[in-house]
Structure formats: C-alpha cells, structure tokens
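J.: Dropping in protein-v5.cif, which is mmCIF, C-alpha atoms:
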data_upload
#
loop_
_atom_site.label_atom_id
_atom_site.label_comp_id
_atom_site.auth_asym_id
_atom_site.auth_seq_id
_atom_site.Cartn_x
_atom_site.Cartn_y
_atom_site.Cartn_z
CA MET A 5 -12.21 -7.09 -9.30
CA ARG A 6 -11.61 -3.70 -7.66
CA LEU A 7 -8.48 -3.30 -5.51
CA LEU A 8 -7.32 -0.58 -3.15
CA LEU A 9 -3.58 -0.46 -2.44
CA THR A 10 -2.07 1.44 0.45
CA ALA A 11 1.01 1.36 2.68
CA ASP A 12 2.89 3.38 5.27
CA THR A 13 -0.13 4.59 7.20
CA HIS A 14 2.01 5.23 10.32
CA LEU A 15 -0.95 5.92 12.62
CA PRO A 16 -1.06 7.70 14.97
CA ARG A 17 2.50 9.03 14.48
CA ARG A 18 2.10 10.69 11.06
CA ALA A 19 -1.63 11.43 11.26
CA ARG A 20 -4.44 10.92 13.76
CA GLU A 21 -6.66 9.04 11.33
CA LEU A 22 -6.87 7.73 7.81
CA PRO A 23 -8.21 10.15 5.19
CA ALA A 24 -11.98 9.94 4.64
CA GLU A 25 -11.47 9.45 0.88
CA LEU A 26 -9.35 6.36 1.49
CA LEU A 27 -11.93 4.91 3.88
CA ASP A 28 -14.72 5.61 1.39
CA ARG A 29 -12.83 3.90 -1.45
CA MET A 30 -12.11 0.98 0.86
CA SER A 31 -15.81 0.23 1.18
CA ARG A 32 -16.07 -0.04 -2.62
CA ALA A 33 -13.05 -2.34 -3.06
CA ASP A 34 -13.27 -6.09 -3.33
CA VAL A 35 -9.77 -6.41 -1.86
CA VAL A 36 -7.64 -4.00 0.19
CA ILE A 37 -3.87 -4.51 0.11
CA HIS A 38 -1.65 -2.85 2.76
CA ALA A 39 2.12 -3.08 2.26
CA GLY A 40 3.20 -2.49 5.85
CA ASP A 41 4.13 0.17 8.40
CA TRP A 42 0.75 0.25 10.07
CA VAL A 43 2.45 1.18 13.39
CA ASP A 44 -0.64 0.51 15.53
CA THR A 45 -2.95 -2.48 15.78
CA ALA A 46 -6.01 -0.19 15.78
CA THR A 47 -5.40 0.54 12.08
CA LEU A 48 -5.22 -3.17 11.30
CA ASP A 49 -8.42 -3.71 13.29
CA LEU A 50 -10.13 -0.88 11.37
CA LEU A 51 -9.14 -2.24 7.96
CA GLU A 52 -10.15 -5.77 8.95
CA SER A 53 -13.58 -4.48 9.97
CA ARG A 54 -14.13 -2.44 6.80
CA ALA A 55 -12.50 -4.42 4.02
CA ARG A 56 -14.31 -7.26 2.30
CA ARG A 57 -10.91 -8.95 2.07
CA LEU A 58 -7.65 -7.64 3.48
CA ILE A 59 -4.16 -8.69 2.46
CA GLY A 60 -1.42 -7.13 4.54
CA VAL A 61 2.17 -7.50 5.68
CA TYR A 62 4.21 -5.95 8.45
CA GLY A 63 6.82 -3.27 7.87
CA ASN A 64 10.02 -2.21 9.59
CA ASN A 65 8.12 0.15 11.96
CA ASP A 66 5.65 -2.51 13.07
CA GLY A 67 6.21 -4.01 16.50
CA PRO A 68 5.61 -7.48 17.95
CA ALA A 69 1.80 -7.19 18.13
CA LEU A 70 1.51 -6.52 14.39
CA ARG A 71 4.22 -9.04 13.48
CA ALA A 72 2.25 -11.69 15.38
CA ARG A 73 -0.80 -11.03 13.18
CA LEU A 74 0.79 -10.33 9.78
CA PRO A 75 3.36 -12.07 7.56
CA GLU A 76 6.50 -10.49 6.13
CA VAL A 77 5.38 -11.54 2.64
CA ALA A 78 1.82 -12.26 1.51
CA ARG A 79 0.74 -13.95 -1.69
CA ALA A 80 -2.67 -14.21 -3.30
CA GLU A 81 -4.17 -15.00 -6.66
CA LEU A 82 -6.87 -12.46 -7.45
CA ASP A 83 -8.96 -12.92 -10.56
CA GLY A 84 -6.16 -15.00 -12.11
CA VAL A 85 -3.43 -12.43 -11.31
CA ARG A 86 -0.65 -13.60 -8.96
CA PHE A 87 0.11 -10.93 -6.34
CA ALA A 88 2.86 -10.70 -3.75
CA VAL A 89 3.03 -8.04 -1.05
CA VAL A 90 6.15 -7.03 0.87
CA HIS A 91 7.18 -3.87 2.68
CA GLU A 92 10.80 -3.33 1.65
CA THR A 93 12.46 -3.95 -1.71
CA GLY A 94 15.76 -2.14 -1.22
CA PRO A 95 17.20 0.78 -3.22
CA ALA A 96 15.45 2.03 -6.36
CA GLN A 97 18.46 1.22 -8.52
CA GLY A 98 18.21 -2.41 -9.57
CA ARG A 99 14.78 -2.89 -7.93
CA GLU A 100 13.11 -4.47 -10.96
CA ARG A 101 15.86 -7.07 -11.42
CA ARG A 102 16.06 -7.93 -7.69
CA CYS A 103 12.31 -8.26 -7.32
CA ALA A 104 11.92 -10.33 -10.48
CA GLU A 105 14.54 -12.73 -9.10
CA ARG A 106 12.94 -12.85 -5.64
CA PHE A 107 9.34 -13.21 -6.91
CA PRO A 108 9.61 -15.28 -10.12
CA ASP A 109 6.07 -16.68 -9.95
CA THR A 110 4.40 -13.30 -9.43
CA ASP A 111 2.58 -11.00 -11.82
CA VAL A 112 2.26 -7.95 -9.51
CA LEU A 113 4.40 -7.00 -6.52
CA VAL A 114 2.95 -4.41 -4.13
CA PHE A 115 5.49 -2.78 -1.81
CA GLY A 116 5.90 0.21 0.45
CA HIS A 117 8.62 1.72 2.67
CA SER A 118 9.76 4.70 0.59
CA HIS A 119 6.42 6.61 0.63
CA ILE A 120 7.16 7.30 -3.05
CA PRO A 121 4.60 6.12 -5.62
CA TRP A 122 6.12 3.64 -8.06
CA ASP A 123 4.79 1.85 -11.13
CA THR A 124 7.24 -0.02 -13.33
CA THR A 125 7.48 -3.35 -15.10
CA ALA A 126 10.55 -5.58 -14.88
CA ALA A 127 12.06 -7.13 -18.02
CA GLY A 128 10.29 -10.46 -17.39
CA GLY A 129 6.90 -8.80 -16.96
CA LEU A 130 6.65 -8.38 -13.16
CA ARG A 131 4.68 -5.20 -12.40
CA LEU A 132 5.94 -3.32 -9.33
CA LEU A 133 3.53 -0.99 -7.54
CA ASN A 134 4.10 1.27 -4.54
CA PRO A 135 1.02 3.28 -3.52
CA GLY A 136 3.01 5.88 -1.56
CA SER A 137 1.51 6.91 1.77
CA PRO A 138 -1.94 8.34 2.54
CA THR A 139 -0.65 10.07 5.68
CA ASP A 140 3.03 10.98 5.23
CA ARG A 141 4.14 12.43 1.90
CA ARG A 142 7.81 12.50 2.98
CA GLY A 143 8.97 15.06 0.43
CA GLN A 144 6.42 14.10 -2.21
CA PRO A 145 3.94 16.76 -3.36
CA TYR A 146 0.92 14.70 -2.20
CA CYS A 147 -0.14 11.87 0.05
CA THR A 148 -1.29 9.04 -2.21
CA TYR A 149 -2.82 5.60 -2.65
CA LEU A 150 -3.59 3.38 -5.64
CA THR A 151 -6.67 1.70 -7.01
CA ALA A 152 -6.46 -1.10 -9.53
CA GLU A 153 -8.72 -3.50 -11.37
CA THR A 154 -8.25 -7.03 -12.56
CA ALA A 155 -10.20 -8.87 -15.22
CA GLN A 156 -9.69 -12.21 -16.94
CA GLY A 157 -6.25 -12.80 -15.49
CA ALA A 158 -4.84 -9.34 -16.15
CA LEU A 159 -4.28 -6.10 -14.30
CA THR A 160 -6.40 -3.79 -16.43
CA VAL A 161 -6.39 -0.43 -14.64
CA VAL A 162 -3.99 1.19 -12.16
CA GLU A 163 -4.74 4.70 -10.93
CA LEU A 164 -2.73 6.87 -8.54
CA HIS A 165 -4.91 9.04 -6.30
CA ARG A 166 -3.60 12.26 -4.79
CA LEU A 167 -5.14 13.19 -1.46
CA PRO A 168 -5.91 16.80 -0.58
CA PRO A 169 -3.60 18.39 2.00
CA ARG A 170 -4.64 17.75 5.59
CA ARG A 171 -6.00 20.70 7.46
CA THR A 172 -3.91 21.81 10.37
CA ALA A 173 -5.19 23.70 13.34
CA SER A 174 -4.67 27.41 12.84
CA ARG A 175 -2.47 29.15 15.32
CA PRO A 176 -3.59 32.31 17.06
CA ALA A 177 -1.99 35.47 15.72
#
In structure tokens, how does this file's structure come out?

T.:
Amino acid sequence: MRLLLTADTHLPRRARELPAELLDRMSRADVVIHAGDWVDTATLDLLESRARRLIGVYGNNDGPALRARLPEVARAELDGVRFAVVHETGPAQGRERRCAERFPDTDVLVFGHSHIPWDTTAAGGLRLLNPGSPTDRRGQPYCTYLTAETAQGALTVVELHRLPPRRTASRPA
C-alpha cells in the first residue's frame, strides 16, 4: 500500500497553493495522511476530492469549521499496520517515551506541528513520523513531505521528499 504523509499546509497563509509535486504524488497514493494545520477548509475539500482515502486531524491553527469535520486523533489499520495521527506531540525531548505511553496499541504515529521532519523509533517499537511542511519550511532547508509503503503488516519504505524552492515574483529594479 502506498501512503503520502503531509502536515502543516497552512493555506493560504504560508502559500497560495499546494506544490504540484505533492498533488501529483497524491494521485498515486492509496492513502493520504494529513497531520493537521490545514488552516482553510478548501484544502480539506481538495484533498478529499483527490485522495482515494484521506485520514486527517485538526491542528492548533484550525478553526471551528475544520474541527467540526476532523478529529483531534485519527486511527486506522492499513495493510495490517496500526496507525495513529495527531497534530501535536510536545517537545522533542522525551517525545518517544510520551508517545509510546499515549499510543500503546500503535505501530506508527504520524504527527506535525513543528514543520521539522522526524523519523525515530521508540524503545517499544513505535515509529514516529513527521513529514515536515510542504509550504512552510520554518528554518529548515527545504519544504518536505513523506511517502511510505506497507506490506504484510509492516512499514517497508519511508522516504523524505524535498520540494524545490517556490518561485517568488521578481521585483522591478
């Protein structure tokens, strides 16, 4: 099963639209996971119309309209792998321990909030993935997203994708 993981799209505040590469990859994914901070309902509508299956949660920047349509935490079993999705996980220090305690029956936790890509495994085996942001690199060298694959009850491939810098309108000299 092919997965596309994204978060922190922040449209239209951080960008006017989602990157074309992300939208193209979305059409090839079996499941799209969005870990919150959509900011506008139009982005949710777009992903719902393009994704074969969408799993999403709301983030701290998402208002009442998005909170009415999305949960704070989502759970799904995909190809025998137990996923949970949440926006915030707290500070980096101690994250693996806290998340393993909060999500004991989970194989993979997808989260957002920091805009910083993250891929670690907690002592008990919980895999923690943050795809970064495709629109707001917030001090990171690139805007990013993740793709992953599952097979026979295991997460088999996880790949971080760096997006090319957005073009900005040139200013007259």

J.: Rank nothing, just name the residue among A:Pro169, A:Gly143, A:Gly60, A:Gly98 nearest to Val114 in chain A, using all atoms listed in the file.

T.: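 Smallest separation from Val114 in chain A among the options: A:Gly60.
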
J.: Excluding Pro135 in chain A and its own-chain neighbours fewer than 5 positions away, which residues fall within 8 Å of it when counting all atoms listed in the file? Please give them as a PyMOL selection string.

T.: chain A and resi 9-11+114-116+119-122+148-150+164

J.: Just C-alpha atoms for this one: save the residues we selected as a CSV table (one decimal), in the coordinates of the input.

T.:
chain,number,residue,atom,x,y,z
A,9,LEU,CA,-3.6,-0.5,-2.4
A,10,THR,CA,-2.1,1.4,0.4
A,11,ALA,CA,1.0,1.4,2.7
A,114,VAL,CA,3.0,-4.4,-4.1
A,115,PHE,CA,5.5,-2.8,-1.8
A,116,GLY,CA,5.9,0.2,0.4
A,119,HIS,CA,6.4,6.6,0.6
A,120,ILE,CA,7.2,7.3,-3.0
A,121,PRO,CA,4.6,6.1,-5.6
A,122,TRP,CA,6.1,3.6,-8.1
A,148,THR,CA,-1.3,9.0,-2.2
A,149,TYR,CA,-2.8,5.6,-2.6
A,150,LEU,CA,-3.6,3.4,-5.6
A,164,LEU,CA,-2.7,6.9,-8.5

J.: Name the closest residue to Leu130 in chain A among the candidates A:Asp111, A:Glu153, A:Asp41, A:Asp34; distances are taken between atoms, counting all atoms listed in the file.

T.: A:Asp111

J.: I'd like to see the residues matched by the PyMOL selection byres ((chain A and resi 82) around 10) on this file, and ideally I'd get them as number ranges by chain.

T.: A: 5-7, 34-35, 79-81, 83-87, 153-159

J.: I want to know what sits within 10 Å of range 15-17 of chain A, based on all atoms listed in the file, with residues of the same chain fewer than 4 positions away left out; could you give that as a PyMOL selection string?

T.: chain A and resi 21-22+41-47+139-140

J.: Name the closest residue to Pro138 in chain A among the candidates A:Arg106, A:Arg32, A:Val161, A:Leu167; distances are taken between atoms, counting all atoms listed in the file.

T.: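 Looking at the shortest contact to Pro138 in chain A, the residue is A:Leu167.
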
J.: Name the residues captured by the PyMOL selection byres ((chain A and resi 108) around 12) when it is applied to the shown file; answer as a list of chain:residue names.

T.: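 Listing what the PyMOL selection byres ((chain A and resi 108) around 12) selects in the shown file: A:Arg86, A:Phe87, A:Ala88, A:Glu100, A:Arg101, A:Arg102, A:Cys103, A:Ala104, A:Glu105, A:Arg106, A:Phe107, A:Asp109, A:Thr110, A:Asp111, A:Val112, A:Leu113, A:Ala126, A:Ala127, A:Gly128, A:Gly129, A:Leu130, A:Arg131.
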
J.: For this file, the PyMOL selection byres ((chain A and resi 69-74) around 12) selects which residues, as a PyMOL selection string?

T.: chain A and resi 38-49+52+58-68+75-78+89-91

J.: Would you export the selected residues with C-alpha atoms as a PDB file, in the coordinates of the input, please?

T.:
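Generated file (again.pdb):
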ATOM      1  CA  HIS A  38      -1.650  -2.850   2.760  1.00  0.00           C
ATOM      2  CA  ALA A  39       2.120  -3.080   2.260  1.00  0.00           C
ATOM      3  CA  GLY A  40       3.200  -2.490   5.850  1.00  0.00           C
ATOM      4  CA  ASP A  41       4.130   0.170   8.400  1.00  0.00           C
ATOM      5  CA  TRP A  42       0.750   0.250  10.070  1.00  0.00           C
ATOM      6  CA  VAL A  43       2.450   1.180  13.390  1.00  0.00           C
ATOM      7  CA  ASP A  44      -0.640   0.510  15.530  1.00  0.00           C
ATOM      8  CA  THR A  45      -2.950  -2.480  15.780  1.00  0.00           C
ATOM      9  CA  ALA A  46      -6.010  -0.190  15.780  1.00  0.00           C
ATOM     10  CA  THR A  47      -5.400   0.540  12.080  1.00  0.00           C
ATOM     11  CA  LEU A  48      -5.220  -3.170  11.300  1.00  0.00           C
ATOM     12  CA  ASP A  49      -8.420  -3.710  13.290  1.00  0.00           C
ATOM     13  CA  GLU A  52     -10.150  -5.770   8.950  1.00  0.00           C
ATOM     14  CA  LEU A  58      -7.650  -7.640   3.480  1.00  0.00           C
ATOM     15  CA  ILE A  59      -4.160  -8.690   2.460  1.00  0.00           C
ATOM     16  CA  GLY A  60      -1.420  -7.130   4.540  1.00  0.00           C
ATOM     17  CA  VAL A  61       2.170  -7.500   5.680  1.00  0.00           C
ATOM     18  CA  TYR A  62       4.210  -5.950   8.450  1.00  0.00           C
ATOM     19  CA  GLY A  63       6.820  -3.270   7.870  1.00  0.00           C
ATOM     20  CA  ASN A  64      10.020  -2.210   9.590  1.00  0.00           C
ATOM     21  CA  ASN A  65       8.120   0.150  11.960  1.00  0.00           C
ATOM     22  CA  ASP A  66       5.650  -2.510  13.070  1.00  0.00           C
ATOM     23  CA  GLY A  67       6.210  -4.010  16.500  1.00  0.00           C
ATOM     24  CA  PRO A  68       5.610  -7.480  17.950  1.00  0.00           C
ATOM     25  CA  PRO A  75       3.360 -12.070   7.560  1.00  0.00           C
ATOM     26  CA  GLU A  76       6.500 -10.490   6.130  1.00  0.00           C
ATOM     27  CA  VAL A  77       5.380 -11.540   2.640  1.00  0.00           C
ATOM     28  CA  ALA A  78       1.820 -12.260   1.510  1.00  0.00           C
ATOM     29  CA  VAL A  89       3.030  -8.040  -1.050  1.00  0.00           C
ATOM     30  CA  VAL A  90       6.150  -7.030   0.870  1.00  0.00           C
ATOM     31  CA  HIS A  91       7.180  -3.870   2.680  1.00  0.00           C
TER      32      HIS A  91
END

J.: Mind completing range 55-66 of chain A with all heavy atoms? Output as a compact mmCIF listing (two decimals), keeping the file's coordinate frame, please?

T.:
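Output (out37.txt):
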# COMPACT_ATOMS: atom_id res chain seq x y z
N ALA A 55 -12.82 -3.82 5.31
CA ALA A 55 -12.50 -4.42 4.02
C ALA A 55 -13.25 -5.74 3.82
O ALA A 55 -13.40 -6.51 4.77
CB ALA A 55 -10.99 -4.67 3.92
N ARG A 56 -13.71 -5.96 2.61
CA ARG A 56 -14.31 -7.26 2.30
C ARG A 56 -13.26 -8.36 2.43
O ARG A 56 -13.53 -9.44 2.93
CB ARG A 56 -14.87 -7.27 0.88
CG ARG A 56 -16.08 -6.40 0.72
CD ARG A 56 -16.64 -6.48 -0.69
NE ARG A 56 -17.65 -5.46 -0.81
CZ ARG A 56 -17.81 -4.69 -1.86
NH1 ARG A 56 -17.03 -4.83 -2.91
NH2 ARG A 56 -18.75 -3.77 -1.88
N ARG A 57 -12.06 -8.05 1.93
CA ARG A 57 -10.91 -8.95 2.07
C ARG A 57 -9.69 -8.07 2.24
O ARG A 57 -9.51 -7.10 1.49
CB ARG A 57 -10.77 -9.83 0.84
CG ARG A 57 -9.58 -10.76 0.92
CD ARG A 57 -9.50 -11.70 -0.25
NE ARG A 57 -8.32 -12.55 -0.14
CZ ARG A 57 -7.88 -13.32 -1.12
NH1 ARG A 57 -8.54 -13.40 -2.25
NH2 ARG A 57 -6.79 -14.05 -0.95
N LEU A 58 -8.85 -8.41 3.21
CA LEU A 58 -7.65 -7.64 3.48
C LEU A 58 -6.43 -8.54 3.32
O LEU A 58 -6.40 -9.64 3.86
CB LEU A 58 -7.69 -7.07 4.91
CG LEU A 58 -6.45 -6.32 5.38
CD1 LEU A 58 -6.23 -5.05 4.56
CD2 LEU A 58 -6.56 -5.99 6.86
N ILE A 59 -5.45 -8.03 2.58
CA ILE A 59 -4.16 -8.69 2.46
C ILE A 59 -3.14 -7.69 2.96
O ILE A 59 -3.05 -6.58 2.44
CB ILE A 59 -3.86 -9.08 0.99
CG1 ILE A 59 -4.94 -10.03 0.46
CG2 ILE A 59 -2.47 -9.70 0.87
CD1 ILE A 59 -4.90 -10.24 -1.04
N GLY A 60 -2.38 -8.07 3.97
CA GLY A 60 -1.42 -7.13 4.54
C GLY A 60 -0.16 -7.83 5.01
O GLY A 60 -0.14 -9.05 5.21
N VAL A 61 0.88 -7.03 5.16
CA VAL A 61 2.17 -7.50 5.68
C VAL A 61 2.66 -6.49 6.71
O VAL A 61 2.17 -5.37 6.78
CB VAL A 61 3.22 -7.63 4.55
CG1 VAL A 61 2.79 -8.67 3.53
CG2 VAL A 61 3.50 -6.30 3.87
N TYR A 62 3.62 -6.90 7.51
CA TYR A 62 4.21 -5.95 8.45
C TYR A 62 5.39 -5.24 7.81
O TYR A 62 6.00 -5.73 6.86
CB TYR A 62 4.60 -6.62 9.76
CG TYR A 62 5.73 -7.64 9.69
CD1 TYR A 62 7.07 -7.23 9.59
CD2 TYR A 62 5.48 -9.00 9.75
CE1 TYR A 62 8.10 -8.14 9.55
CE2 TYR A 62 6.50 -9.93 9.71
CZ TYR A 62 7.81 -9.50 9.61
OH TYR A 62 8.84 -10.40 9.56
N GLY A 63 5.69 -4.05 8.34
CA GLY A 63 6.82 -3.27 7.87
C GLY A 63 7.86 -3.10 8.97
O GLY A 63 7.69 -3.58 10.10
N ASN A 64 8.91 -2.38 8.65
CA ASN A 64 10.02 -2.21 9.59
C ASN A 64 9.64 -1.41 10.83
O ASN A 64 10.29 -1.52 11.86
CB ASN A 64 11.22 -1.57 8.89
CG ASN A 64 10.91 -0.20 8.35
OD1 ASN A 64 10.04 -0.04 7.49
ND2 ASN A 64 11.61 0.81 8.82
N ASN A 65 8.57 -0.62 10.79
CA ASN A 65 8.12 0.15 11.96
C ASN A 65 7.03 -0.55 12.75
O ASN A 65 6.47 0.03 13.67
CB ASN A 65 7.62 1.53 11.53
CG ASN A 65 8.76 2.46 11.18
OD1 ASN A 65 9.55 2.83 12.03
ND2 ASN A 65 8.87 2.80 9.91
N ASP A 66 6.71 -1.77 12.40
CA ASP A 66 5.65 -2.51 13.07
C ASP A 66 6.24 -3.42 14.15
O ASP A 66 7.14 -4.21 13.87
CB ASP A 66 4.84 -3.32 12.05
CG ASP A 66 4.11 -2.42 11.07
OD1 ASP A 66 3.71 -1.31 11.48
OD2 ASP A 66 3.93 -2.83 9.91
